[in-house]
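Chemist: Have a look at this one.
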Amino acid sequence: MQNPPKRSPSSQDLGIDIAGHFFKQIQSTGPASPTSRNSKITVVGVGNVGMAIAQTILTQELTNELALVDVQADKLRGEMLDLQHAAAFMPRTKIEADTDYGITANSDVCIITAGARQRDGESRLALVERNLHLFKSIVPNLVKYSPDAILLVVSNPVDILTYIAWKLSGLPSNKVIGSGTNLDSSRFRFMIGDHLDVNTQDVQAYIIGEHGDSSVALWSSISVGGVPVLSFLDKQEIPYEKEHLEAIHQAVVNSAYEVIKLKGYTSWAIGYSVANLVRSLLRNQRRIHPVSVLAKGFHGIEEEVFLSLPAQLGRTGILGVASIHLTEEETQDLRKSAQAIFDVQKHLDI
C-alpha cells in the first residue's frame, strides 16, 4: 500500500505568519461586500475616459451588468445604444443607462470618471472645490443605492477626490480606492523595458505618491526578470547618471500631457488600467497594484491623505499595503508628496 503524498508545509505549519508581516492594514477598514455569482458595475461619466473603461470592461467579460450614469441625457442614451448594438459581438451583458442613480442599485463596483476640467488660469484649489460640489451630487447617491459597493475614483486630481469620496460616502477606507499611479507605473515599466529591450511584463517597477508632479519613482526596488537593476549596475561597476534616471521619471510624468497635446485627451490606457483593477477586485485575485489608499501611518505619513502605495486588491477592496522598503531619499520624497496633497486638501470644507 502506497503512502499518501506528503503535503507541502504552509506558513501556518512553520509557525510563521508571513502574510501578516508582508502586508499592513490601512486604517478604518470594513468587512467584505456580499458576493454573488453575477456582478454589476456602474460607470459615472460617459466622456472619453468613462466610455474607454466601459468598453474595456465589456470586452474583457468582467461583469454581467453595466450601468451608465451622466447628466447629459442625449449623449448618455447614444453611448448606451452604441454599446447595445454591439451585442452580437460581445458576451451577453445587460447594459443600461439613466440620469437617475436608481439604475445603479446593487452595484459591486462604482467607477467615478465625472469631473470638472481645469479652466485657464484656475488654481488647483478652485478646481478641487468645483469637483467637491460635483461629488456631493454623485457619491451619496451611489452609496444610497449600493451601500456595499467599492468606490473606484478615476477623476482628477484623483488623490484628493478619493479622499473627498471617502469622506462623503461614510464607507470604510478599504472600500474607497483611487486609480492613482497604476497607469503611471505601467508607463514607467514600459519606458524601462524599452530602454533595456525587454518585455514590459518582465519589469517590476512602481511609481508611488501623488498621481501628479510630486510622484516618486522607486528606483531602489526596480527589477527585470528578478534581477535588481541598480544593484546589478553597481556590482558590475556599470556607471549611470542619476539625472538620466530622473529624466525617465519626468518622461512618465509628462507622458499624459503629451498624449493630450497630440489627440486632445487620454482614454485607452486608463481604460485598460481601470479594467485591470476591476478584475483584481471582483475576481479576488489578491494582486498588488499602486493605487490611491488612505496613507496615514505608512512611511511616517501623519496626514490623513490618500496617495498611491503598492496595495493588495481583492473582494474586500484594499486587503493590505505591501511592506516595501524605501530608501531614506524615497521616504522623504513620499512625505513631501503627501504634504503637497494635504496643502490643497486642508482648505476644503468637508
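Letters A, B, ... mark the chains of the C-alpha cells in the order given; residue numbers begin at 1 per chain; ligand numbers begin at 1, in order shown.
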Just the helix (DSSP H, G or I) stuff from stretch 111-224 of chain A, please, per backbone DSSP, written as a PDB file with N, CA, C and O atoms, in the first residue's frame.
Modeler:
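Contents of the output file selection07.pdb:
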```
ATOM      1  N   ARG A 124      -5.440  75.133  -8.552  1.00  0.00           N
ATOM      2  CA  ARG A 124      -5.764  73.740  -8.268  1.00  0.00           C
ATOM      3  C   ARG A 124      -6.851  73.654  -7.194  1.00  0.00           C
ATOM      4  O   ARG A 124      -7.730  72.792  -7.256  1.00  0.00           O
ATOM      5  N   LEU A 125      -6.776  74.549  -6.202  1.00  0.00           N
ATOM      6  CA  LEU A 125      -7.779  74.551  -5.136  1.00  0.00           C
ATOM      7  C   LEU A 125      -9.158  74.866  -5.692  1.00  0.00           C
ATOM      8  O   LEU A 125     -10.153  74.219  -5.313  1.00  0.00           O
ATOM      9  N   ALA A 126      -9.251  75.840  -6.584  1.00  0.00           N
ATOM     10  CA  ALA A 126     -10.546  76.197  -7.175  1.00  0.00           C
ATOM     11  C   ALA A 126     -11.123  75.022  -7.966  1.00  0.00           C
ATOM     12  O   ALA A 126     -12.337  74.758  -7.914  1.00  0.00           O
ATOM     13  N   LEU A 127     -10.260  74.313  -8.683  1.00  0.00           N
ATOM     14  CA  LEU A 127     -10.708  73.138  -9.434  1.00  0.00           C
ATOM     15  C   LEU A 127     -11.233  72.070  -8.478  1.00  0.00           C
ATOM     16  O   LEU A 127     -12.287  71.474  -8.721  1.00  0.00           O
ATOM     17  N   VAL A 128     -10.497  71.814  -7.404  1.00  0.00           N
ATOM     18  CA  VAL A 128     -10.919  70.803  -6.428  1.00  0.00           C
ATOM     19  C   VAL A 128     -12.249  71.188  -5.793  1.00  0.00           C
ATOM     20  O   VAL A 128     -13.127  70.333  -5.597  1.00  0.00           O
ATOM     21  N   GLU A 129     -12.435  72.459  -5.504  1.00  0.00           N
ATOM     22  CA  GLU A 129     -13.690  72.906  -4.882  1.00  0.00           C
ATOM     23  C   GLU A 129     -14.874  72.711  -5.824  1.00  0.00           C
ATOM     24  O   GLU A 129     -15.971  72.344  -5.389  1.00  0.00           O
ATOM     25  N   ARG A 130     -14.663  72.928  -7.127  1.00  0.00           N
ATOM     26  CA  ARG A 130     -15.749  72.667  -8.086  1.00  0.00           C
ATOM     27  C   ARG A 130     -16.055  71.174  -8.162  1.00  0.00           C
ATOM     28  O   ARG A 130     -17.221  70.774  -8.265  1.00  0.00           O
ATOM     29  N   ASN A 131     -15.025  70.354  -8.099  1.00  0.00           N
ATOM     30  CA  ASN A 131     -15.235  68.910  -8.119  1.00  0.00           C
ATOM     31  C   ASN A 131     -15.864  68.418  -6.816  1.00  0.00           C
ATOM     32  O   ASN A 131     -16.633  67.450  -6.830  1.00  0.00           O
ATOM     33  N   LEU A 132     -15.545  69.067  -5.715  1.00  0.00           N
ATOM     34  CA  LEU A 132     -16.191  68.733  -4.446  1.00  0.00           C
ATOM     35  C   LEU A 132     -17.693  68.927  -4.554  1.00  0.00           C
ATOM     36  O   LEU A 132     -18.484  68.073  -4.119  1.00  0.00           O
ATOM     37  N   HIS A 133     -18.098  70.053  -5.132  1.00  0.00           N
ATOM     38  CA  HIS A 133     -19.525  70.326  -5.336  1.00  0.00           C
ATOM     39  C   HIS A 133     -20.151  69.247  -6.208  1.00  0.00           C
ATOM     40  O   HIS A 133     -21.270  68.762  -5.933  1.00  0.00           O
ATOM     41  N   LEU A 134     -19.448  68.828  -7.257  1.00  0.00           N
ATOM     42  CA  LEU A 134     -19.952  67.784  -8.153  1.00  0.00           C
ATOM     43  C   LEU A 134     -20.062  66.445  -7.426  1.00  0.00           C
ATOM     44  O   LEU A 134     -21.067  65.727  -7.558  1.00  0.00           O
ATOM     45  N   PHE A 135     -19.042  66.102  -6.651  1.00  0.00           N
ATOM     46  CA  PHE A 135     -19.029  64.821  -5.944  1.00  0.00           C
ATOM     47  C   PHE A 135     -20.140  64.744  -4.891  1.00  0.00           C
ATOM     48  O   PHE A 135     -20.605  63.641  -4.562  1.00  0.00           O
ATOM     49  N   LYS A 136     -20.551  65.885  -4.370  1.00  0.00           N
ATOM     50  CA  LYS A 136     -21.644  65.888  -3.390  1.00  0.00           C
ATOM     51  C   LYS A 136     -22.958  65.428  -4.011  1.00  0.00           C
ATOM     52  O   LYS A 136     -23.866  64.979  -3.292  1.00  0.00           O
ATOM     53  N   SER A 137     -23.069  65.515  -5.333  1.00  0.00           N
ATOM     54  CA  SER A 137     -24.273  65.037  -6.022  1.00  0.00           C
ATOM     55  C   SER A 137     -24.107  63.612  -6.539  1.00  0.00           C
ATOM     56  O   SER A 137     -25.081  62.994  -6.970  1.00  0.00           O
ATOM     57  N   ILE A 138     -22.874  63.088  -6.496  1.00  0.00           N
ATOM     58  CA  ILE A 138     -22.607  61.752  -7.029  1.00  0.00           C
ATOM     59  C   ILE A 138     -22.472  60.702  -5.932  1.00  0.00           C
ATOM     60  O   ILE A 138     -23.193  59.691  -5.911  1.00  0.00           O
ATOM     61  N   VAL A 139     -21.546  60.937  -5.022  1.00  0.00           N
ATOM     62  CA  VAL A 139     -21.164  59.900  -4.054  1.00  0.00           C
ATOM     63  C   VAL A 139     -22.315  59.475  -3.139  1.00  0.00           C
ATOM     64  O   VAL A 139     -22.571  58.265  -2.995  1.00  0.00           O
ATOM     65  N   PRO A 140     -23.044  60.399  -2.504  1.00  0.00           N
ATOM     66  CA  PRO A 140     -24.152  59.952  -1.638  1.00  0.00           C
ATOM     67  C   PRO A 140     -25.195  59.125  -2.388  1.00  0.00           C
ATOM     68  O   PRO A 140     -25.764  58.181  -1.821  1.00  0.00           O
ATOM     69  N   ASN A 141     -25.452  59.447  -3.649  1.00  0.00           N
ATOM     70  CA  ASN A 141     -26.413  58.679  -4.443  1.00  0.00           C
ATOM     71  C   ASN A 141     -25.911  57.270  -4.725  1.00  0.00           C
ATOM     72  O   ASN A 141     -26.696  56.308  -4.710  1.00  0.00           O
ATOM     73  N   LEU A 142     -24.635  57.128  -4.996  1.00  0.00           N
ATOM     74  CA  LEU A 142     -24.082  55.796  -5.233  1.00  0.00           C
ATOM     75  C   LEU A 142     -24.188  54.934  -3.982  1.00  0.00           C
ATOM     76  O   LEU A 142     -24.590  53.761  -4.050  1.00  0.00           O
ATOM     77  N   VAL A 143     -23.839  55.506  -2.846  1.00  0.00           N
ATOM     78  CA  VAL A 143     -23.890  54.762  -1.585  1.00  0.00           C
ATOM     79  C   VAL A 143     -25.340  54.456  -1.181  1.00  0.00           C
ATOM     80  O   VAL A 143     -25.623  53.395  -0.623  1.00  0.00           O
ATOM     81  N   LYS A 144     -26.244  55.361  -1.499  1.00  0.00           N
ATOM     82  CA  LYS A 144     -27.660  55.150  -1.193  1.00  0.00           C
ATOM     83  C   LYS A 144     -28.178  53.869  -1.852  1.00  0.00           C
ATOM     84  O   LYS A 144     -28.886  53.075  -1.224  1.00  0.00           O
ATOM     85  N   TYR A 145     -27.841  53.674  -3.108  1.00  0.00           N
ATOM     86  CA  TYR A 145     -28.363  52.528  -3.853  1.00  0.00           C
ATOM     87  C   TYR A 145     -27.449  51.296  -3.804  1.00  0.00           C
ATOM     88  O   TYR A 145     -27.904  50.187  -4.090  1.00  0.00           O
ATOM     89  N   VAL A 158      -6.969  62.869  -8.678  1.00  0.00           N
ATOM     90  CA  VAL A 158      -7.548  61.632  -8.159  1.00  0.00           C
ATOM     91  C   VAL A 158      -7.311  61.422  -6.667  1.00  0.00           C
ATOM     92  O   VAL A 158      -8.193  60.900  -5.966  1.00  0.00           O
ATOM     93  N   ASP A 159      -6.167  61.812  -6.146  1.00  0.00           N
ATOM     94  CA  ASP A 159      -5.885  61.543  -4.734  1.00  0.00           C
ATOM     95  C   ASP A 159      -6.802  62.351  -3.811  1.00  0.00           C
ATOM     96  O   ASP A 159      -7.386  61.806  -2.873  1.00  0.00           O
ATOM     97  N   ILE A 160      -6.942  63.632  -4.099  1.00  0.00           N
ATOM     98  CA  ILE A 160      -7.812  64.477  -3.273  1.00  0.00           C
ATOM     99  C   ILE A 160      -9.274  64.085  -3.471  1.00  0.00           C
ATOM    100  O   ILE A 160     -10.054  64.053  -2.505  1.00  0.00           O
ATOM    101  N   LEU A 161      -9.657  63.750  -4.698  1.00  0.00           N
ATOM    102  CA  LEU A 161     -11.049  63.369  -4.939  1.00  0.00           C
ATOM    103  C   LEU A 161     -11.375  62.010  -4.316  1.00  0.00           C
ATOM    104  O   LEU A 161     -12.525  61.755  -3.943  1.00  0.00           O
ATOM    105  N   THR A 162     -10.386  61.148  -4.174  1.00  0.00           N
ATOM    106  CA  THR A 162     -10.614  59.884  -3.473  1.00  0.00           C
ATOM    107  C   THR A 162     -10.842  60.148  -1.989  1.00  0.00           C
ATOM    108  O   THR A 162     -11.716  59.530  -1.358  1.00  0.00           O
ATOM    109  N   TYR A 163     -10.079  61.063  -1.431  1.00  0.00           N
ATOM    110  CA  TYR A 163     -10.299  61.481  -0.035  1.00  0.00           C
ATOM    111  C   TYR A 163     -11.706  62.062   0.129  1.00  0.00           C
ATOM    112  O   TYR A 163     -12.427  61.730   1.082  1.00  0.00           O
ATOM    113  N   ILE A 164     -12.112  62.912  -0.815  1.00  0.00           N
ATOM    114  CA  ILE A 164     -13.445  63.516  -0.774  1.00  0.00           C
ATOM    115  C   ILE A 164     -14.518  62.434  -0.855  1.00  0.00           C
ATOM    116  O   ILE A 164     -15.504  62.456  -0.095  1.00  0.00           O
ATOM    117  N   ALA A 165     -14.334  61.469  -1.757  1.00  0.00           N
ATOM    118  CA  ALA A 165     -15.305  60.381  -1.896  1.00  0.00           C
ATOM    119  C   ALA A 165     -15.406  59.579  -0.605  1.00  0.00           C
ATOM    120  O   ALA A 165     -16.503  59.165  -0.194  1.00  0.00           O
ATOM    121  N   TRP A 166     -14.278  59.353   0.046  1.00  0.00           N
ATOM    122  CA  TRP A 166     -14.276  58.619   1.323  1.00  0.00           C
ATOM    123  C   TRP A 166     -15.056  59.378   2.381  1.00  0.00           C
ATOM    124  O   TRP A 166     -15.903  58.803   3.078  1.00  0.00           O
ATOM    125  N   LYS A 167     -14.810  60.672   2.489  1.00  0.00           N
ATOM    126  CA  LYS A 167     -15.498  61.484   3.489  1.00  0.00           C
ATOM    127  C   LYS A 167     -16.993  61.575   3.214  1.00  0.00           C
ATOM    128  O   LYS A 167     -17.825  61.498   4.134  1.00  0.00           O
ATOM    129  N   LEU A 168     -17.372  61.742   1.958  1.00  0.00           N
ATOM    130  CA  LEU A 168     -18.784  61.884   1.610  1.00  0.00           C
ATOM    131  C   LEU A 168     -19.544  60.567   1.721  1.00  0.00           C
ATOM    132  O   LEU A 168     -20.750  60.562   1.986  1.00  0.00           O
ATOM    133  N   SER A 169     -18.848  59.456   1.510  1.00  0.00           N
ATOM    134  CA  SER A 169     -19.521  58.155   1.462  1.00  0.00           C
ATOM    135  C   SER A 169     -19.801  57.559   2.829  1.00  0.00           C
ATOM    136  O   SER A 169     -20.783  56.834   3.019  1.00  0.00           O
ATOM    137  N   SER A 173     -12.355  52.751   4.833  1.00  0.00           N
ATOM    138  CA  SER A 173     -11.319  53.203   3.898  1.00  0.00           C
ATOM    139  C   SER A 173     -10.916  52.141   2.887  1.00  0.00           C
ATOM    140  O   SER A 173     -10.466  52.477   1.780  1.00  0.00           O
ATOM    141  N   ASN A 174     -11.073  50.861   3.225  1.00  0.00           N
ATOM    142  CA  ASN A 174     -10.688  49.829   2.265  1.00  0.00           C
ATOM    143  C   ASN A 174     -11.653  49.715   1.098  1.00  0.00           C
ATOM    144  O   ASN A 174     -11.360  49.060   0.092  1.00  0.00           O
ATOM    145  N   LYS A 175     -12.834  50.372   1.211  1.00  0.00           N
ATOM    146  CA  LYS A 175     -13.840  50.313   0.155  1.00  0.00           C
ATOM    147  C   LYS A 175     -13.777  51.511  -0.786  1.00  0.00           C
ATOM    148  O   LYS A 175     -14.602  51.635  -1.690  1.00  0.00           O
ATOM    149  N   ASN A 182      -1.456  53.605 -10.882  1.00  0.00           N
ATOM    150  CA  ASN A 182      -1.439  52.311 -11.570  1.00  0.00           C
ATOM    151  C   ASN A 182      -1.029  52.486 -13.030  1.00  0.00           C
ATOM    152  O   ASN A 182      -0.207  51.723 -13.554  1.00  0.00           O
ATOM    153  N   LEU A 183      -1.567  53.517 -13.682  1.00  0.00           N
ATOM    154  CA  LEU A 183      -1.196  53.787 -15.068  1.00  0.00           C
ATOM    155  C   LEU A 183       0.205  54.391 -15.154  1.00  0.00           C
ATOM    156  O   LEU A 183       0.982  54.053 -16.057  1.00  0.00           O
ATOM    157  N   ASP A 184       0.552  55.273 -14.223  1.00  0.00           N
ATOM    158  CA  ASP A 184       1.907  55.853 -14.209  1.00  0.00           C
ATOM    159  C   ASP A 184       2.952  54.737 -14.137  1.00  0.00           C
ATOM    160  O   ASP A 184       3.986  54.782 -14.813  1.00  0.00           O
ATOM    161  N   SER A 185       2.679  53.741 -13.285  1.00  0.00           N
ATOM    162  CA  SER A 185       3.620  52.626 -13.123  1.00  0.00           C
ATOM    163  C   SER A 185       3.711  51.793 -14.399  1.00  0.00           C
ATOM    164  O   SER A 185       4.784  51.290 -14.739  1.00  0.00           O
ATOM    165  N   SER A 186       2.589  51.661 -15.111  1.00  0.00           N
ATOM    166  CA  SER A 186       2.611  50.958 -16.390  1.00  0.00           C
ATOM    167  C   SER A 186       3.478  51.708 -17.398  1.00  0.00           C
ATOM    168  O   SER A 186       4.280  51.096 -18.127  1.00  0.00           O
ATOM    169  N   ARG A 187       3.331  53.016 -17.435  1.00  0.00           N
ATOM    170  CA  ARG A 187       4.163  53.830 -18.332  1.00  0.00           C
ATOM    171  C   ARG A 187       5.639  53.712 -17.951  1.00  0.00           C
ATOM    172  O   ARG A 187       6.514  53.627 -18.817  1.00  0.00           O
ATOM    173  N   PHE A 188       5.907  53.711 -16.641  1.00  0.00           N
ATOM    174  CA  PHE A 188       7.262  53.585 -16.119  1.00  0.00           C
ATOM    175  C   PHE A 188       7.873  52.252 -16.555  1.00  0.00           C
ATOM    176  O   PHE A 188       9.010  52.196 -17.052  1.00  0.00           O
ATOM    177  N   ARG A 189       7.120  51.167 -16.382  1.00  0.00           N
ATOM    178  CA  ARG A 189       7.590  49.829 -16.763  1.00  0.00           C
ATOM    179  C   ARG A 189       7.855  49.760 -18.273  1.00  0.00           C
ATOM    180  O   ARG A 189       8.841  49.164 -18.720  1.00  0.00           O
ATOM    181  N   PHE A 190       6.966  50.383 -19.041  1.00  0.00           N
ATOM    182  CA  PHE A 190       7.147  50.392 -20.494  1.00  0.00           C
ATOM    183  C   PHE A 190       8.452  51.089 -20.881  1.00  0.00           C
ATOM    184  O   PHE A 190       9.222  50.587 -21.711  1.00  0.00           O
ATOM    185  N   MET A 191       8.712  52.254 -20.276  1.00  0.00           N
ATOM    186  CA  MET A 191       9.908  53.016 -20.637  1.00  0.00           C
ATOM    187  C   MET A 191      11.187  52.295 -20.234  1.00  0.00           C
ATOM    188  O   MET A 191      12.178  52.299 -20.969  1.00  0.00           O
ATOM    189  N   ILE A 192      11.164  51.651 -19.055  1.00  0.00           N
ATOM    190  CA  ILE A 192      12.338  50.889 -18.624  1.00  0.00           C
ATOM    191  C   ILE A 192      12.544  49.696 -19.558  1.00  0.00           C
ATOM    192  O   ILE A 192      13.669  49.414 -19.996  1.00  0.00           O
ATOM    193  N   GLY A 193      11.454  48.992 -19.868  1.00  0.00           N
ATOM    194  CA  GLY A 193      11.545  47.860 -20.781  1.00  0.00           C
ATOM    195  C   GLY A 193      12.042  48.281 -22.149  1.00  0.00           C
ATOM    196  O   GLY A 193      12.829  47.562 -22.794  1.00  0.00           O
ATOM    197  N   ASP A 194      11.608  49.452 -22.600  1.00  0.00           N
ATOM    198  CA  ASP A 194      12.029  49.970 -23.898  1.00  0.00           C
ATOM    199  C   ASP A 194      13.521  50.279 -23.891  1.00  0.00           C
ATOM    200  O   ASP A 194      14.234  49.997 -24.863  1.00  0.00           O
ATOM    201  N   HIS A 195      14.003  50.842 -22.773  1.00  0.00           N
ATOM    202  CA  HIS A 195      15.433  51.165 -22.651  1.00  0.00           C
ATOM    203  C   HIS A 195      16.278  49.890 -22.645  1.00  0.00           C
ATOM    204  O   HIS A 195      17.382  49.868 -23.206  1.00  0.00           O
ATOM    205  N   LEU A 196      15.770  48.837 -22.001  1.00  0.00           N
ATOM    206  CA  LEU A 196      16.537  47.600 -21.842  1.00  0.00           C
ATOM    207  C   LEU A 196      16.203  46.555 -22.903  1.00  0.00           C
ATOM    208  O   LEU A 196      16.755  45.455 -22.882  1.00  0.00           O
ATOM    209  N   THR A 200       7.748  44.455 -21.312  1.00  0.00           N
ATOM    210  CA  THR A 200       7.273  45.265 -20.178  1.00  0.00           C
ATOM    211  C   THR A 200       6.803  44.394 -19.022  1.00  0.00           C
ATOM    212  O   THR A 200       6.984  44.756 -17.848  1.00  0.00           O
ATOM    213  N   GLN A 201       6.202  43.250 -19.313  1.00  0.00           N
ATOM    214  CA  GLN A 201       5.678  42.384 -18.258  1.00  0.00           C
ATOM    215  C   GLN A 201       6.770  41.764 -17.407  1.00  0.00           C
ATOM    216  O   GLN A 201       6.500  41.257 -16.321  1.00  0.00           O
ATOM    217  N   ASP A 202       8.016  41.807 -17.871  1.00  0.00           N
ATOM    218  CA  ASP A 202       9.137  41.281 -17.086  1.00  0.00           C
ATOM    219  C   ASP A 202       9.801  42.356 -16.228  1.00  0.00           C
ATOM    220  O   ASP A 202      10.797  42.085 -15.550  1.00  0.00           O
ATOM    221  N   TRP A 219      13.238  53.686  -7.625  1.00  0.00           N
ATOM    222  CA  TRP A 219      14.358  53.102  -8.351  1.00  0.00           C
ATOM    223  C   TRP A 219      15.012  51.986  -7.554  1.00  0.00           C
ATOM    224  O   TRP A 219      15.520  51.011  -8.128  1.00  0.00           O
ATOM    225  N   SER A 220      15.007  52.082  -6.246  1.00  0.00           N
ATOM    226  CA  SER A 220      15.723  51.104  -5.423  1.00  0.00           C
ATOM    227  C   SER A 220      15.137  49.707  -5.519  1.00  0.00           C
ATOM    228  O   SER A 220      15.825  48.719  -5.242  1.00  0.00           O
ATOM    229  N   SER A 221      13.850  49.594  -5.914  1.00  0.00           N
ATOM    230  CA  SER A 221      13.204  48.281  -5.935  1.00  0.00           C
ATOM    231  C   SER A 221      12.911  47.772  -7.345  1.00  0.00           C
ATOM    232  O   SER A 221      12.239  46.755  -7.509  1.00  0.00           O
TER     233      SER A 221
END
```
Chemist: Nearest to A:Ala217: which of A:Asn106, A:Ser155, A:Asn199, A:Thr331 is it, counting only C-alpha atoms?
Modeler: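 Comparing A:Asn106, A:Ser155, A:Asn199, A:Thr331 against A:Ala217, the winner is A:Thr331.
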Chemist: Quick one: residues within 10 Å of A:His325, only C-alpha atoms counted, chain neighbours fewer than 2 positions away excluded, as a list in words?
Modeler: Leu218, Ser220, Ser221, His299, Ala322, Ser323, Thr327, Glu328, Glu330 and Thr331 of chain A
Chemist: Which residues come within 8 Å of A:Glu79, counting only C-alpha atoms, excluding same-chain residues fewer than 4 positions away, as an MDAnalysis selection string?
Modeler: chainID A and resid 46 51 75 83
Chemist: Between atom CA of A:Leu307 and atom CA of A:Gly209, what is the distance in Å, rounded to a tenth?
Modeler: 5.1 Å
Chemist: Give me, as a tab-separated table (two decimals) with N, CA and C atoms, in the first residue's frame, all polymer residues having an atom no more than 10 Å from stretch 27-30 of chain A, counting only C-alpha atoms and skipping those fewer than 3 positions away in the same chain.
Modeler:
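Contents of out.tsv, as written:
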```tsv
chain	number	residue	atom	x	y	z
A	24	LYS	N	0.48	45.29	5.54
A	24	LYS	CA	-0.04	46.01	6.69
A	24	LYS	C	-1.42	46.56	6.36
A	33	SER	N	-17.79	42.90	0.91
A	33	SER	CA	-19.13	43.05	0.36
A	33	SER	C	-19.76	41.68	0.19
A	171	LEU	N	-18.05	55.29	3.95
A	171	LEU	CA	-17.60	53.91	3.82
A	171	LEU	C	-16.25	53.71	4.52
A	172	PRO	N	-15.96	52.47	4.93
A	172	PRO	CA	-14.62	52.20	5.47
A	172	PRO	C	-13.57	52.44	4.40
A	173	SER	N	-12.35	52.75	4.83
A	173	SER	CA	-11.32	53.20	3.90
A	173	SER	C	-10.92	52.14	2.89
A	174	ASN	N	-11.07	50.86	3.22
A	174	ASN	CA	-10.69	49.83	2.27
A	174	ASN	C	-11.65	49.71	1.10
A	175	LYS	N	-12.83	50.37	1.21
A	175	LYS	CA	-13.84	50.31	0.16
A	175	LYS	C	-13.78	51.51	-0.79
A	176	VAL	N	-12.85	52.43	-0.56
A	176	VAL	CA	-12.72	53.62	-1.40
A	176	VAL	C	-11.28	53.67	-1.93
A	293	VAL	N	-4.65	55.02	-1.67
A	293	VAL	CA	-5.24	54.48	-0.44
A	293	VAL	C	-5.04	55.48	0.69
A	294	LEU	N	-5.74	55.26	1.80
A	294	LEU	CA	-5.52	56.09	2.99
A	294	LEU	C	-4.12	55.79	3.51
A	295	ALA	N	-3.23	56.75	3.40
A	295	ALA	CA	-1.80	56.51	3.63
A	295	ALA	C	-1.33	56.87	5.03
A	296	LYS	N	-2.20	57.39	5.86
A	296	LYS	CA	-1.80	57.78	7.21
A	296	LYS	C	-1.24	56.58	7.96
A	297	GLY	N	-0.06	56.77	8.55
A	297	GLY	CA	0.57	55.70	9.31
A	297	GLY	C	1.61	54.91	8.53
A	304	GLU	N	-3.92	62.78	7.08
A	304	GLU	CA	-4.99	61.90	6.60
A	304	GLU	C	-5.19	62.16	5.11
A	316	THR	N	-12.69	42.49	-0.83
A	316	THR	CA	-12.98	43.49	0.20
A	316	THR	C	-12.50	44.88	-0.19
A	317	GLY	N	-11.82	44.99	-1.32
A	317	GLY	CA	-11.21	46.26	-1.70
A	317	GLY	C	-9.72	46.19	-1.42
A	318	ILE	N	-9.24	47.08	-0.54
A	318	ILE	CA	-7.84	47.07	-0.14
A	318	ILE	C	-7.65	46.01	0.94
A	319	LEU	N	-6.85	44.98	0.64
A	319	LEU	CA	-6.59	43.93	1.62
A	319	LEU	C	-5.42	44.29	2.53
A	320	GLY	N	-4.51	45.07	2.02
A	320	GLY	CA	-3.34	45.48	2.79
A	320	GLY	C	-2.37	46.22	1.89
```
Chemist: Could you check the closest approach to A:Val274 for each of A:Val203, A:Ile350, A:Val153, A:Val227 and tell me which residue wins, using only C-alpha atoms?
Modeler: A:Val153
Chemist: What is the atom CA of A:Gln204-atom CA of A:Ile288 distance in Å, reported with one decimal?
Modeler: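 Computed distance, atom CA of A:Gln204 to atom CA of A:Ile288, equals 11.1 Å.
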Chemist: Hey, can you check how far atom CA of A:Leu68 sits from atom CA of A:Ile270?
Modeler: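 Value for the atom CA of A:Leu68-atom CA of A:Ile270 distance: 17.4 Å.
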Chemist: Using DSSP secondary structure from the backbone, list all strand (DSSP E or B) positions within stretch 163-292 of chain A, as a list in words.
Modeler: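 Everything in stretch 163-292 of chain A that counts as strand (DSSP E or B) is Val176, Ile177, Gly178, Val203, Gln204, Ile207, Ile208, Gly209, Val216, Ala217, Ser223, Val224, Val227, Pro228, Arg287, Ile288, His289, Pro290, Val291 and Ser292 of chain A.
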Chemist: Any chance you can output those residues with N, CA and C atoms as a short mmCIF file (atom, residue, chain, number, x, y, z; two decimals), in the first residue's frame?
Modeler:
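Written out: part-v9.cif:
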```cif
data_model
loop_
_atom_site.label_atom_id
_atom_site.label_comp_id
_atom_site.auth_asym_id
_atom_site.auth_seq_id
_atom_site.Cartn_x
_atom_site.Cartn_y
_atom_site.Cartn_z
N VAL A 176 -12.85 52.43 -0.56
CA VAL A 176 -12.72 53.62 -1.40
C VAL A 176 -11.28 53.67 -1.93
N ILE A 177 -11.15 53.59 -3.24
CA ILE A 177 -9.84 53.44 -3.88
C ILE A 177 -9.73 54.44 -5.02
N GLY A 178 -8.55 54.98 -5.21
CA GLY A 178 -8.29 55.83 -6.36
C GLY A 178 -7.43 55.10 -7.37
N VAL A 203 9.24 43.57 -16.27
CA VAL A 203 9.77 44.68 -15.48
C VAL A 203 8.88 44.90 -14.26
N GLN A 204 9.49 44.88 -13.08
CA GLN A 204 8.77 45.16 -11.83
C GLN A 204 9.21 46.54 -11.35
N ILE A 207 5.68 53.54 -9.46
CA ILE A 207 5.61 54.97 -9.15
C ILE A 207 4.61 55.06 -8.00
N ILE A 208 4.96 55.77 -6.94
CA ILE A 208 4.05 55.91 -5.80
C ILE A 208 3.85 57.39 -5.48
N GLY A 209 3.03 57.66 -4.46
CA GLY A 209 2.78 59.04 -4.06
C GLY A 209 1.63 59.65 -4.83
N VAL A 216 6.69 59.70 -6.91
CA VAL A 216 8.01 59.19 -6.52
C VAL A 216 8.30 57.90 -7.28
N ALA A 217 9.40 57.87 -7.99
CA ALA A 217 9.84 56.64 -8.69
C ALA A 217 10.69 55.82 -7.74
N SER A 223 13.22 45.77 -10.64
CA SER A 223 13.89 44.54 -11.06
C SER A 223 13.41 44.15 -12.45
N VAL A 224 14.26 43.46 -13.17
CA VAL A 224 13.92 42.94 -14.50
C VAL A 224 14.26 41.46 -14.51
N VAL A 227 16.05 40.39 -11.43
CA VAL A 227 17.36 40.98 -11.16
C VAL A 227 17.19 42.44 -10.74
N PRO A 228 17.59 42.80 -9.51
CA PRO A 228 17.51 44.21 -9.09
C PRO A 228 18.43 45.07 -9.96
N ARG A 287 -3.92 40.62 -6.23
CA ARG A 287 -2.74 41.18 -6.91
C ARG A 287 -2.38 42.52 -6.28
N ILE A 288 -1.13 42.91 -6.49
CA ILE A 288 -0.63 44.16 -5.93
C ILE A 288 -0.62 45.24 -7.01
N HIS A 289 -1.26 46.35 -6.70
CA HIS A 289 -1.34 47.48 -7.62
C HIS A 289 -0.99 48.77 -6.87
N PRO A 290 -0.28 49.70 -7.51
CA PRO A 290 -0.06 51.01 -6.88
C PRO A 290 -1.31 51.87 -7.08
N VAL A 291 -2.14 51.95 -6.05
CA VAL A 291 -3.40 52.69 -6.12
C VAL A 291 -3.49 53.64 -4.93
N SER A 292 -4.38 54.60 -5.05
CA SER A 292 -4.53 55.62 -4.01
C SER A 292 -5.31 55.06 -2.83
#
```
